[in-house]
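Q: Pasting a structure below so you can have a look.
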Amino acid sequence: MPAGFPKNTFMQIAQYLKALAAQALHALYGIETDAAQVTINETKPEFEGDYTIVLFQYVKQARKSPEAMGQEMGAWMLANSEENLTAFNVIKGFLNLSVADAYWIHFLENHYQPDYGRHAGNGKKVMVEYSSPNTNKPLHLGHLRNNFLGWSIAELYKWNGYDVRKTCIVNDRGVHICKSMLAWQKFGNGATPESTGMKGDHLVGDFYVQFENALRKEAAPLQEQLLAGESIAALDEAIAAKATLLFQKLQEAGLPAEKKAEITDELKDIARNATTLMQEVRQMLLKWEQGDEETINIWRMMNGWVYAGFDTTYNRIGSDFQTIYYESETYLLGKQYVDEGLAKGVFYKKEDGSVWIDLTAEGLDEKLVLRKDGTSVYITQDIGLAKRKYEDYPMEQSIYVIGDEQNYHMDVLQLICKKLGMPFADGIHHLSYGMVDLPTGRMKSREGTVVDADDLCDEMEKVAAAKTEELGKVEGFTQEELQQLYHTLGLGALKFFLLRVDPKKRMVFNPEESIDFHGFTGPFVQYSFARIQSALRKASWEQPTAPATLAADTVLQPLEKQLIVLLEQFPQVLHNACAEMNPSLVAIYAFTLASQFNSFYARHSITKAENESARQLRLHICALTAHVIQNSMQVLGIAVPARM
RNA sequence: GGCCCGGUAGUUCAAUGGAUAGAAUAGGAGUUUCCUAAACUCUAGAUACAAGUUCGAUUCUUGUCCGGGCUACCA
């Protein structure tokens, strides 16, 4: 080990070089700069070196040419690197530095632990809310992105030393739930999951669809009447007047098509709400809120079916929660903060009794927080829930994994919490993710293009099974082991596919590409892991319990060094992915590592290396690569098989 | 209308203001007496448009064009 080797084993060479460069800048030119400000990149393969410092930004202050500056900096850093550097070269303003092989070998000798990359606990608490389903429909592709992201973010925080609590808010009350219930009463003939053999969430989802179909049928003639300017029965005066007004507007000449569609939709909505079906639904909701026994019983029963169905799916995809909040239990919580806000002058009351907040100064709108009838709206409930969460688990960060269509809503929520002086307000973070589109465009339930989560998992496992059988490499597997493998591969492919893209971005889900097991995919990474395991088995490798000492004549081949360089960056990757709440960084890293391992594997023999020094070196590289692949995939929620 | 987000190879995705814009896949050409060929190697192919900021722009600013989202006394 070179003298003055970076003492902190968590300090990576790149960080060390940044600090060294900052020292050099100070020593040579008196430039004061923070190590974090120094630009460092991996040296492009066509140049000599491992890491490159970019000097352009200092040229003016140093009053030197980039070339001259590079020479001086390089010489200083080399002399003061305590033997961690062996050479440098300068091209334009780029200072290329070569790191000593001894550093890489020393790194490899000392990082044998299976949990390499895991950071010691920091005692900080983080809550991650994700999944948060409605109980009127089964989970679909969009939910899968949410679930995989949420689980992975939680895992990233754990690996970075945080205490994490995963939560979920179940949307189990409201008009939409009553729709399913009413349809079951009307058309269900007492159907149950047992009597139909259907998964509970799907059964209830079907009744929701049946309701919507029946509603559309009933509403159609009413809509036509309204759009023809005729009045319809069952409208109260105020709404009837509104309908008349809208109709008159619709007749105006020169109305833009967009506006026209908007008004038409509004009229259609009025008609829909005038149906007897909707009246019955509202009746039911009222009964539910009054605690009517029969209504509550049906509600309990049907929600029970849904939860059983969800549990099956969650189990299968690996989602879990420490705390589950039910909207039926939390939807009244926010009201008390309305009074508080009024007293503080954060909210104000209109003559009709409704309560509002003015966020126009912050570039948002005026938002309603309490209806004139005194009932709370969505945002009110969310304030209450946010507070409840904090009481349950006083966290520093409260992460909400929610689609980007709610960006505005989440901005409003955080702003209100801030104005109310809630202690957790600053810790709220909306992990906003983009929609999952199909190649044909957006998923639409009305057009039946929604990809069901259970179906998709089935399909992925089927393809995994077919592919595995075709290759015939699983001799000796029991039936149970085979099923386990298909599950690991199918779900691995799916998770990797959804997690490999930056969460913030909208993405396209192409069914054919997602079940591809080649290239930038989960199974590719899993396969690389299986290959390593196979080699380690052949070499009768045993997991070491202490640092190794590799032979003094150990030399690094380019492909070997490349792998070690990558392995050394793993903790930093985990740190960055967590800081940016972006699991795709881990997916990309895992793929790069697996890919480079495969090149290495094709070029060099492990068990039959040229000599014992090389054999030992390669076995150590294999072992650590396996750990890092496994840990990366663990962060993504993906298991790795010993054979496939 | 207002606010927000996006436009990169045929396709799906990368690129803290840094070197010749990377991958994967589809296409073309190869690799197996040797640890798993679900692999490897080679090849061809892209920054919507126009200005500006600067040593340097896919990245920052402005405008244009195209796509998406939000803008409920729904959740």
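Residues in the structure tokens are numbered from 1 in each chain, the chains being A, B, ... in the order shown, and ligands are numbered from 1 in the order shown.
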Need to verify the contact set: B:U31, 12 Å, only C-alpha atoms (C1' of nucleotides), exclusion of same-chain residues closer than 6 positions in sequence. Can you return it as number ranges by chain?
A: A: 602-603; B: 37, 39-42
Q: Keeping only all heavy atoms, take the residues you just selected and write them out as a short mmCIF file (atom, residue, chain, number, x, y, z; two decimals), in the first residue's frame.
A:
```
data_model
loop_
_atom_site.label_atom_id
_atom_site.label_comp_id
_atom_site.auth_asym_id
_atom_site.auth_seq_id
_atom_site.Cartn_x
_atom_site.Cartn_y
_atom_site.Cartn_z
N ALA A 602 -15.01 -13.00 -22.27
CA ALA A 602 -14.75 -13.55 -23.59
C ALA A 602 -13.26 -13.52 -23.93
O ALA A 602 -12.77 -14.35 -24.68
CB ALA A 602 -15.54 -12.78 -24.64
N ARG A 603 -12.55 -12.58 -23.36
CA ARG A 603 -11.15 -12.36 -23.72
C ARG A 603 -10.18 -13.16 -22.84
O ARG A 603 -9.17 -13.64 -23.30
CB ARG A 603 -10.85 -10.85 -23.60
CG ARG A 603 -9.44 -10.40 -23.80
CD ARG A 603 -9.03 -10.43 -25.26
NE ARG A 603 -7.63 -10.04 -25.40
CZ ARG A 603 -6.60 -10.82 -25.10
NH1 ARG A 603 -6.83 -12.03 -24.63
NH2 ARG A 603 -5.35 -10.40 -25.24
P A B 37 -20.72 -19.50 -23.48
OP1 A B 37 -19.91 -20.51 -24.19
OP2 A B 37 -20.08 -18.33 -22.87
"O5'" A B 37 -21.81 -19.00 -24.51
"C5'" A B 37 -22.61 -17.86 -24.20
"C4'" A B 37 -23.60 -17.65 -25.33
"O4'" A B 37 -22.87 -17.20 -26.50
"C3'" A B 37 -24.33 -18.92 -25.73
"O3'" A B 37 -25.66 -18.60 -26.10
"C2'" A B 37 -23.57 -19.39 -26.95
"O2'" A B 37 -24.36 -20.12 -27.86
"C1'" A B 37 -23.15 -18.06 -27.57
N9 A B 37 -21.95 -18.21 -28.38
C8 A B 37 -20.67 -18.38 -27.97
N7 A B 37 -19.80 -18.50 -28.95
C5 A B 37 -20.58 -18.38 -30.09
C6 A B 37 -20.27 -18.42 -31.46
N6 A B 37 -19.05 -18.59 -31.92
N1 A B 37 -21.27 -18.28 -32.33
C2 A B 37 -22.50 -18.11 -31.86
N3 A B 37 -22.92 -18.05 -30.59
C4 A B 37 -21.90 -18.19 -29.76
P A B 39 -27.27 -12.00 -25.19
OP1 A B 39 -27.50 -10.67 -24.60
OP2 A B 39 -27.52 -12.23 -26.62
"O5'" A B 39 -25.76 -12.43 -24.90
"C5'" A B 39 -25.15 -12.12 -23.65
"C4'" A B 39 -23.69 -12.52 -23.70
"O4'" A B 39 -23.59 -13.88 -24.19
"C3'" A B 39 -22.85 -11.71 -24.68
"O3'" A B 39 -22.42 -10.50 -24.10
"C2'" A B 39 -21.70 -12.67 -24.95
"O2'" A B 39 -20.81 -12.73 -23.86
"C1'" A B 39 -22.46 -14.00 -25.03
N9 A B 39 -22.92 -14.26 -26.39
C8 A B 39 -24.20 -14.26 -26.86
N7 A B 39 -24.30 -14.52 -28.14
C5 A B 39 -22.99 -14.69 -28.55
C6 A B 39 -22.43 -14.98 -29.80
N6 A B 39 -23.14 -15.15 -30.93
N1 A B 39 -21.08 -15.09 -29.88
C2 A B 39 -20.36 -14.92 -28.76
N3 A B 39 -20.79 -14.64 -27.52
C4 A B 39 -22.12 -14.54 -27.48
P C B 40 -22.09 -9.23 -24.95
OP1 C B 40 -21.79 -8.11 -24.03
OP2 C B 40 -23.14 -9.08 -25.98
"O5'" C B 40 -20.76 -9.67 -25.67
"C5'" C B 40 -19.55 -9.84 -24.94
"C4'" C B 40 -18.46 -10.30 -25.87
"O4'" C B 40 -18.88 -11.52 -26.53
"C3'" C B 40 -18.16 -9.35 -27.03
"O3'" C B 40 -17.30 -8.31 -26.62
"C2'" C B 40 -17.53 -10.29 -28.04
"O2'" C B 40 -16.20 -10.60 -27.68
"C1'" C B 40 -18.37 -11.55 -27.86
N1 C B 40 -19.51 -11.61 -28.80
C2 C B 40 -19.25 -11.94 -30.15
O2 C B 40 -18.08 -12.17 -30.49
N3 C B 40 -20.27 -12.00 -31.02
C4 C B 40 -21.52 -11.76 -30.61
N4 C B 40 -22.50 -11.83 -31.51
C5 C B 40 -21.81 -11.40 -29.26
C6 C B 40 -20.78 -11.33 -28.39
P U B 41 -17.41 -6.87 -27.30
OP1 U B 41 -16.55 -5.96 -26.52
OP2 U B 41 -18.83 -6.52 -27.52
"O5'" U B 41 -16.75 -7.13 -28.73
"C5'" U B 41 -15.38 -7.48 -28.82
"C4'" U B 41 -15.02 -7.70 -30.27
"O4'" U B 41 -15.74 -8.85 -30.77
"C3'" U B 41 -15.42 -6.58 -31.21
"O3'" U B 41 -14.51 -5.51 -31.18
"C2'" U B 41 -15.42 -7.31 -32.55
"O2'" U B 41 -14.11 -7.50 -33.03
"C1'" U B 41 -16.00 -8.67 -32.16
N1 U B 41 -17.45 -8.74 -32.39
C2 U B 41 -17.87 -8.94 -33.71
O2 U B 41 -17.07 -9.04 -34.62
N3 U B 41 -19.22 -9.02 -33.89
C4 U B 41 -20.18 -8.91 -32.91
O4 U B 41 -21.37 -9.01 -33.23
C5 U B 41 -19.68 -8.70 -31.58
C6 U B 41 -18.36 -8.62 -31.37
P C B 42 -15.04 -4.00 -31.39
OP1 C B 42 -13.93 -3.11 -31.00
OP2 C B 42 -16.37 -3.85 -30.76
"O5'" C B 42 -15.25 -3.91 -32.97
"C5'" C B 42 -14.14 -4.04 -33.85
"C4'" C B 42 -14.61 -4.30 -35.26
"O4'" C B 42 -15.44 -5.49 -35.29
"C3'" C B 42 -15.52 -3.24 -35.87
"O3'" C B 42 -14.80 -2.11 -36.33
"C2'" C B 42 -16.15 -4.02 -37.02
"O2'" C B 42 -15.26 -4.16 -38.10
"C1'" C B 42 -16.36 -5.39 -36.37
N1 C B 42 -17.74 -5.54 -35.87
C2 C B 42 -18.75 -5.80 -36.80
O2 C B 42 -18.44 -5.89 -37.99
N3 C B 42 -20.02 -5.93 -36.38
C4 C B 42 -20.31 -5.82 -35.09
N4 C B 42 -21.58 -5.97 -34.72
C5 C B 42 -19.30 -5.56 -34.10
C6 C B 42 -18.03 -5.42 -34.53
#
```
Q: Identify, on the basis of only C-alpha atoms (C1' of nucleotides), every residue whose closest approach to A:Trp541 does not exceed 12 Å; exclude the query and any residue fewer than 3 positions from it along the same chain; express the result as a VMD selection string.
A: chain A and resid 532 to 538 544 606 to 607 615 to 616 618 to 620 622 to 623
Q: Give me, as a PyMOL selection string, all polymer residues having an atom no more than 9 Å from A:Ile13, counting only C-alpha atoms (C1' of nucleotides) and skipping those fewer than 2 positions away in the same chain.
A: chain A and resi 6+11+15-18+84+99+103+568-569
Q: Using only C-alpha atoms (C1' of nucleotides), which protein or nucleic acid residues come within 8 Å of B:C73? Drop anything in the same chain fewer than 6 positions from it, and give the result as a PDB file with all heavy atoms, in the first residue's frame.
A:
```
ATOM      1  N   SER A 354     -67.401  29.230   1.844  1.00  0.00           N
ATOM      2  CA  SER A 354     -66.277  28.402   1.389  1.00  0.00           C
ATOM      3  C   SER A 354     -64.964  29.061   1.804  1.00  0.00           C
ATOM      4  O   SER A 354     -64.886  30.279   1.943  1.00  0.00           O
ATOM      5  CB  SER A 354     -66.334  28.214  -0.127  1.00  0.00           C
ATOM      6  OG  SER A 354     -66.319  29.463  -0.780  1.00  0.00           O
ATOM      7  N   LEU A 368     -59.455  26.388  -3.467  1.00  0.00           N
ATOM      8  CA  LEU A 368     -60.456  26.096  -2.456  1.00  0.00           C
ATOM      9  C   LEU A 368     -59.921  25.058  -1.480  1.00  0.00           C
ATOM     10  O   LEU A 368     -59.285  24.083  -1.900  1.00  0.00           O
ATOM     11  CB  LEU A 368     -61.701  25.533  -3.148  1.00  0.00           C
ATOM     12  CG  LEU A 368     -62.837  25.090  -2.236  1.00  0.00           C
ATOM     13  CD1 LEU A 368     -63.861  26.185  -2.105  1.00  0.00           C
ATOM     14  CD2 LEU A 368     -63.470  23.828  -2.749  1.00  0.00           C
ATOM     15  N   LEU A 370     -62.024  24.369   1.511  1.00  0.00           N
ATOM     16  CA  LEU A 370     -63.222  23.828   2.184  1.00  0.00           C
ATOM     17  C   LEU A 370     -64.451  24.294   1.410  1.00  0.00           C
ATOM     18  O   LEU A 370     -64.600  25.480   1.122  1.00  0.00           O
ATOM     19  CB  LEU A 370     -63.288  24.330   3.634  1.00  0.00           C
ATOM     20  CG  LEU A 370     -64.085  23.501   4.633  1.00  0.00           C
ATOM     21  CD1 LEU A 370     -63.446  22.138   4.840  1.00  0.00           C
ATOM     22  CD2 LEU A 370     -64.207  24.228   5.965  1.00  0.00           C
ATOM     23  N   ARG A 371     -65.321  23.332   1.072  1.00  0.00           N
ATOM     24  CA  ARG A 371     -66.513  23.685   0.305  1.00  0.00           C
ATOM     25  C   ARG A 371     -67.455  24.512   1.169  1.00  0.00           C
ATOM     26  O   ARG A 371     -67.350  24.538   2.388  1.00  0.00           O
ATOM     27  CB  ARG A 371     -67.257  22.426  -0.153  1.00  0.00           C
ATOM     28  CG  ARG A 371     -66.484  21.584  -1.139  1.00  0.00           C
ATOM     29  CD  ARG A 371     -67.439  20.552  -1.732  1.00  0.00           C
ATOM     30  NE  ARG A 371     -66.716  19.607  -2.567  1.00  0.00           N
ATOM     31  CZ  ARG A 371     -66.337  18.381  -2.154  1.00  0.00           C
ATOM     32  NH1 ARG A 371     -66.630  17.963  -0.940  1.00  0.00           N
ATOM     33  NH2 ARG A 371     -65.682  17.590  -2.970  1.00  0.00           N
ATOM     34  N   LYS A 372     -68.429  25.147   0.494  1.00  0.00           N
ATOM     35  CA  LYS A 372     -69.369  25.987   1.245  1.00  0.00           C
ATOM     36  C   LYS A 372     -70.223  25.159   2.192  1.00  0.00           C
ATOM     37  O   LYS A 372     -70.706  25.648   3.204  1.00  0.00           O
ATOM     38  CB  LYS A 372     -70.258  26.805   0.296  1.00  0.00           C
ATOM     39  CG  LYS A 372     -71.203  25.977  -0.551  1.00  0.00           C
ATOM     40  CD  LYS A 372     -72.011  26.856  -1.487  1.00  0.00           C
ATOM     41  CE  LYS A 372     -72.795  26.016  -2.469  1.00  0.00           C
ATOM     42  NZ  LYS A 372     -72.983  26.665  -3.760  1.00  0.00           N
TER      43      LYS A 372
END
```
Q: If we count only C-alpha atoms (C1' of nucleotides), what is near A:Tyr400 at a cut-off of 8 Å, once residues fewer than 6 positions away on the same chain are taken out, given as an NGL selection string?
A: :A and (128-130 or 428-432)
Q: With N, CA, C and O atoms retained, export the selected residues as a PDB file, in the first residue's frame.
A:
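So out.pdb came out as:
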```pdb
ATOM      1  N   VAL A 128     -41.494   7.075   2.440  1.00  0.00           N
ATOM      2  CA  VAL A 128     -41.771   6.986   1.008  1.00  0.00           C
ATOM      3  C   VAL A 128     -43.198   6.495   0.809  1.00  0.00           C
ATOM      4  O   VAL A 128     -43.535   5.375   1.181  1.00  0.00           O
ATOM      5  N   GLU A 129     -44.036   7.348   0.258  1.00  0.00           N
ATOM      6  CA  GLU A 129     -45.399   6.923  -0.069  1.00  0.00           C
ATOM      7  C   GLU A 129     -45.434   6.548  -1.534  1.00  0.00           C
ATOM      8  O   GLU A 129     -45.017   7.319  -2.403  1.00  0.00           O
ATOM      9  N   TYR A 130     -45.890   5.360  -1.817  1.00  0.00           N
ATOM     10  CA  TYR A 130     -45.986   4.955  -3.219  1.00  0.00           C
ATOM     11  C   TYR A 130     -47.147   4.002  -3.415  1.00  0.00           C
ATOM     12  O   TYR A 130     -47.807   3.617  -2.453  1.00  0.00           O
ATOM     13  N   ILE A 428     -40.998  17.794   2.231  1.00  0.00           N
ATOM     14  CA  ILE A 428     -41.867  17.164   1.237  1.00  0.00           C
ATOM     15  C   ILE A 428     -41.186  17.161  -0.111  1.00  0.00           C
ATOM     16  O   ILE A 428     -40.652  18.176  -0.560  1.00  0.00           O
ATOM     17  N   HIS A 429     -41.145  16.006  -0.736  1.00  0.00           N
ATOM     18  CA  HIS A 429     -40.591  15.936  -2.090  1.00  0.00           C
ATOM     19  C   HIS A 429     -41.480  15.084  -2.981  1.00  0.00           C
ATOM     20  O   HIS A 429     -41.754  13.937  -2.675  1.00  0.00           O
ATOM     21  N   HIS A 430     -41.920  15.682  -4.054  1.00  0.00           N
ATOM     22  CA  HIS A 430     -42.752  14.950  -4.996  1.00  0.00           C
ATOM     23  C   HIS A 430     -41.854  14.256  -6.004  1.00  0.00           C
ATOM     24  O   HIS A 430     -41.230  14.920  -6.826  1.00  0.00           O
ATOM     25  N   LEU A 431     -41.762  12.939  -5.915  1.00  0.00           N
ATOM     26  CA  LEU A 431     -41.039  12.198  -6.954  1.00  0.00           C
ATOM     27  C   LEU A 431     -42.023  12.014  -8.104  1.00  0.00           C
ATOM     28  O   LEU A 431     -42.857  11.124  -8.102  1.00  0.00           O
ATOM     29  N   SER A 432     -41.894  12.926  -9.034  1.00  0.00           N
ATOM     30  CA  SER A 432     -42.859  13.018 -10.120  1.00  0.00           C
ATOM     31  C   SER A 432     -42.378  12.206 -11.308  1.00  0.00           C
ATOM     32  O   SER A 432     -41.291  12.425 -11.807  1.00  0.00           O
TER      33      SER A 432
END
```
Q: Applying 12 Å and only C-alpha atoms (C1' of nucleotides), which residues near B:G63 remain after dropping the ones on its own chain fewer than 4 positions away? List them as a list of chain:residue names.
A: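 Counting only C-alpha atoms (C1' of nucleotides), the residues come to B:C49, B:A50, B:A51, B:G52.
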Q: Could the residues in this selection be written to a file with C-alpha atoms (C1' of nucleotides), as a CSV table (one decimal), in the first residue's frame?
A:
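This went into out_3.csv:
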```csv
chain,number,residue,atom,x,y,z
B,49,C,C1',-35.7,25.2,-36.7
B,50,A,C1',-33.4,30.2,-36.1
B,51,A,C1',-30.7,33.7,-33.4
B,52,G,C1',-27.9,34.9,-28.9
```
Q: Using only C-alpha atoms (C1' of nucleotides), determine which residues of chain A fall within 7 Å of chain B; present them as a PDB file with N, CA and C atoms, in the first residue's frame.
A:
```pdb
ATOM      1  N   ARG A 371     -65.321  23.332   1.072  1.00  0.00           N
ATOM      2  CA  ARG A 371     -66.513  23.685   0.305  1.00  0.00           C
ATOM      3  C   ARG A 371     -67.455  24.512   1.169  1.00  0.00           C
ATOM      4  N   LYS A 372     -68.429  25.147   0.494  1.00  0.00           N
ATOM      5  CA  LYS A 372     -69.369  25.987   1.245  1.00  0.00           C
ATOM      6  C   LYS A 372     -70.223  25.159   2.192  1.00  0.00           C
ATOM      7  N   TYR A 378     -59.927  17.328  -1.769  1.00  0.00           N
ATOM      8  CA  TYR A 378     -58.714  16.512  -1.875  1.00  0.00           C
ATOM      9  C   TYR A 378     -57.536  17.129  -1.125  1.00  0.00           C
ATOM     10  N   GLU A 405     -48.877  14.322 -13.601  1.00  0.00           N
ATOM     11  CA  GLU A 405     -50.097  15.093 -13.835  1.00  0.00           C
ATOM     12  C   GLU A 405     -50.537  15.782 -12.550  1.00  0.00           C
ATOM     13  N   TYR A 408     -48.873  20.171 -10.157  1.00  0.00           N
ATOM     14  CA  TYR A 408     -49.488  21.394  -9.657  1.00  0.00           C
ATOM     15  C   TYR A 408     -50.089  21.184  -8.272  1.00  0.00           C
ATOM     16  N   VAL A 501     -35.262   3.902 -17.350  1.00  0.00           N
ATOM     17  CA  VAL A 501     -35.495   5.225 -17.906  1.00  0.00           C
ATOM     18  C   VAL A 501     -35.613   6.244 -16.771  1.00  0.00           C
ATOM     19  N   PHE A 517     -34.854 -10.339 -24.159  1.00  0.00           N
ATOM     20  CA  PHE A 517     -33.908 -10.638 -23.093  1.00  0.00           C
ATOM     21  C   PHE A 517     -32.474 -10.351 -23.520  1.00  0.00           C
ATOM     22  N   HIS A 518     -32.325  -9.564 -24.578  1.00  0.00           N
ATOM     23  CA  HIS A 518     -30.979  -9.244 -25.058  1.00  0.00           C
ATOM     24  C   HIS A 518     -30.711  -7.758 -24.888  1.00  0.00           C
ATOM     25  N   GLY A 519     -29.412  -7.428 -24.821  1.00  0.00           N
ATOM     26  CA  GLY A 519     -29.063  -6.018 -24.760  1.00  0.00           C
ATOM     27  C   GLY A 519     -29.323  -5.404 -23.400  1.00  0.00           C
ATOM     28  N   PHE A 520     -29.792  -4.182 -23.399  1.00  0.00           N
ATOM     29  CA  PHE A 520     -29.974  -3.381 -22.188  1.00  0.00           C
ATOM     30  C   PHE A 520     -31.203  -3.867 -21.418  1.00  0.00           C
ATOM     31  N   PHE A 524     -30.105  -9.828 -19.257  1.00  0.00           N
ATOM     32  CA  PHE A 524     -28.706  -9.719 -19.670  1.00  0.00           C
ATOM     33  C   PHE A 524     -27.809  -9.601 -18.435  1.00  0.00           C
ATOM     34  N   TYR A 527     -27.905 -12.845 -16.499  1.00  0.00           N
ATOM     35  CA  TYR A 527     -27.094 -13.857 -17.178  1.00  0.00           C
ATOM     36  C   TYR A 527     -25.619 -13.691 -16.832  1.00  0.00           C
ATOM     37  N   ARG A 531     -23.184 -16.471 -15.054  1.00  0.00           N
ATOM     38  CA  ARG A 531     -21.908 -16.898 -15.616  1.00  0.00           C
ATOM     39  C   ARG A 531     -20.799 -16.806 -14.566  1.00  0.00           C
ATOM     40  N   ALA A 535     -18.438 -19.810 -12.981  1.00  0.00           N
ATOM     41  CA  ALA A 535     -16.975 -19.818 -12.940  1.00  0.00           C
ATOM     42  C   ALA A 535     -16.471 -19.995 -11.514  1.00  0.00           C
ATOM     43  N   ASN A 598     -18.735  -9.195 -19.530  1.00  0.00           N
ATOM     44  CA  ASN A 598     -18.847 -10.154 -20.628  1.00  0.00           C
ATOM     45  C   ASN A 598     -17.697 -10.026 -21.621  1.00  0.00           C
ATOM     46  N   SER A 599     -17.247  -8.805 -21.854  1.00  0.00           N
ATOM     47  CA  SER A 599     -16.089  -8.612 -22.733  1.00  0.00           C
ATOM     48  C   SER A 599     -14.848  -9.240 -22.100  1.00  0.00           C
ATOM     49  N   ALA A 602     -15.012 -12.998 -22.266  1.00  0.00           N
ATOM     50  CA  ALA A 602     -14.753 -13.555 -23.593  1.00  0.00           C
ATOM     51  C   ALA A 602     -13.264 -13.519 -23.927  1.00  0.00           C
ATOM     52  N   SER A 605      -9.377 -16.126 -19.782  1.00  0.00           N
ATOM     53  CA  SER A 605      -9.833 -17.304 -19.048  1.00  0.00           C
ATOM     54  C   SER A 605      -9.639 -17.066 -17.556  1.00  0.00           C
ATOM     55  N   ILE A 606     -10.634 -17.452 -16.773  1.00  0.00           N
ATOM     56  CA  ILE A 606     -10.562 -17.224 -15.334  1.00  0.00           C
ATOM     57  C   ILE A 606      -9.942 -18.431 -14.647  1.00  0.00           C
ATOM     58  N   THR A 607     -10.612 -19.562 -14.764  1.00  0.00           N
ATOM     59  CA  THR A 607     -10.133 -20.753 -14.052  1.00  0.00           C
ATOM     60  C   THR A 607      -8.828 -21.287 -14.653  1.00  0.00           C
TER      61      THR A 607
END
```
Q: Within 9 Å of stretch 8-11 of chain B, counting only C-alpha atoms (C1' of nucleotides), which residues show up once you throw out same-chain ones fewer than 5 positions away? Write them as a list in words, please.
A: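 The filter keeps A21, U25, A26, G45, A46, U47 and U58 of chain B.
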Q: In terms of the shortest atom-to-atom distance over only C-alpha atoms, which of A:Asp101, A:Asp454, A:Asp426, A:Glu218 is closest to A:Asn273?
A: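 Checking each of A:Asp101, A:Asp454, A:Asp426, A:Glu218 against A:Asn273, counting only C-alpha atoms, the winner is A:Glu218.
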Q: What is the distance between atom CA of A:Leu85 and atom CA of A:Ala100, in Å to one decimal?
A: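 Those two atoms sit 5.2 Å apart.
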Q: Please identify the strand (DSSP E) residues within stretch 338-370 of chain A (assignment by DSSP from backbone atoms) and present them as a list in words.
A: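 For stretch 338-370 of chain A, the strand (DSSP E) set is Tyr348, Lys349, Val355, Trp356, Ile357, Asp358, Glu366, Lys367, Leu368, Val369 and Leu370 of chain A.
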Q: With distances taken over only C-alpha atoms, which of A:Leu567, A:Ala609, A:Leu574, A:Leu226 is nearest to A:Thr625?
A: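 Closest to A:Thr625 of all the choices is A:Leu567.
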Q: Enter the distance from atom CA of A:Lys124 to atom CA of A:Lys495, in Å, rounded to one decimal.
A: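 Interatomic distance, atom CA of A:Lys124 to atom CA of A:Lys495: 27.9 Å.
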Q: DSSP on the backbone, then: every residue of stretch 261-325 of chain A marked helix (DSSP H, G or I), written as JSON, numbers by chain.
A: {"A": [261, 262, 263, 264, 265, 266, 267, 268, 269, 270, 271, 272, 273, 276, 277, 278, 279, 280, 281, 282, 283, 284, 285, 286, 287, 288, 289, 290, 293, 294, 295, 296, 297, 298, 299, 300, 301, 302, 303, 304, 305, 306, 307, 308, 309, 310, 311, 312, 313, 314, 315, 316, 317]}
Q: Kindly provide the residues of stretch 500-590 of chain A that approach stretch 141-150 of chain A to within 10 Å, each paired with its closest atom pair and their distance in Å to one decimal, based on only C-alpha atoms, listed by chain and increasing number, as CSV.
A:
```
residue,atom,partner,partner_atom,distance
A:Pro503,CA,A:Leu149,CA,7.7
A:Phe509,CA,A:Leu141,CA,8.9
A:Met581,CA,A:Leu149,CA,9.1
A:Asn582,CA,A:Leu149,CA,8.5
A:Pro583,CA,A:Leu149,CA,7.3
A:Ser584,CA,A:Leu149,CA,9.4
```
Q: Save out the residues we just selected, all heavy atoms, as a compact mmCIF listing (two decimals), in the first residue's frame.
A:
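Result went into selection_22.txt, see below:
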```txt
# COMPACT_ATOMS: atom_id res chain seq x y z
N PRO A 503 -36.96 8.59 -14.31
CA PRO A 503 -38.36 8.62 -13.85
C PRO A 503 -39.13 9.84 -14.34
O PRO A 503 -40.33 9.75 -14.62
CB PRO A 503 -38.24 8.68 -12.33
CG PRO A 503 -36.88 8.22 -12.01
CD PRO A 503 -36.02 8.50 -13.20
N PHE A 509 -43.85 2.01 -23.64
CA PHE A 509 -43.76 0.59 -23.33
C PHE A 509 -44.15 -0.20 -24.56
O PHE A 509 -45.31 -0.27 -24.93
CB PHE A 509 -44.69 0.23 -22.17
CG PHE A 509 -44.62 -1.21 -21.77
CD1 PHE A 509 -43.67 -1.64 -20.86
CD2 PHE A 509 -45.49 -2.14 -22.32
CE1 PHE A 509 -43.60 -2.98 -20.50
CE2 PHE A 509 -45.42 -3.48 -21.97
CZ PHE A 509 -44.47 -3.90 -21.06
N MET A 581 -32.78 10.88 -6.74
CA MET A 581 -33.96 10.00 -6.72
C MET A 581 -34.18 9.38 -8.09
O MET A 581 -35.25 9.48 -8.68
CB MET A 581 -35.20 10.79 -6.28
CG MET A 581 -35.06 11.36 -4.89
SD MET A 581 -36.61 11.96 -4.23
CE MET A 581 -36.01 12.85 -2.80
N ASN A 582 -33.14 8.77 -8.57
CA ASN A 582 -33.17 8.25 -9.94
C ASN A 582 -32.56 6.86 -10.06
O ASN A 582 -31.37 6.71 -10.29
CB ASN A 582 -32.43 9.23 -10.85
CG ASN A 582 -32.50 8.82 -12.30
OD1 ASN A 582 -33.05 7.77 -12.63
ND2 ASN A 582 -31.95 9.64 -13.16
N PRO A 583 -33.39 5.82 -9.91
CA PRO A 583 -32.88 4.45 -10.00
C PRO A 583 -32.31 4.10 -11.37
O PRO A 583 -31.53 3.14 -11.49
CB PRO A 583 -34.12 3.58 -9.73
CG PRO A 583 -35.08 4.48 -9.02
CD PRO A 583 -34.81 5.86 -9.56
N SER A 584 -32.65 4.85 -12.39
CA SER A 584 -32.14 4.49 -13.72
C SER A 584 -30.61 4.58 -13.75
O SER A 584 -29.97 3.87 -14.52
CB SER A 584 -32.76 5.38 -14.80
OG SER A 584 -32.15 6.65 -14.85
```
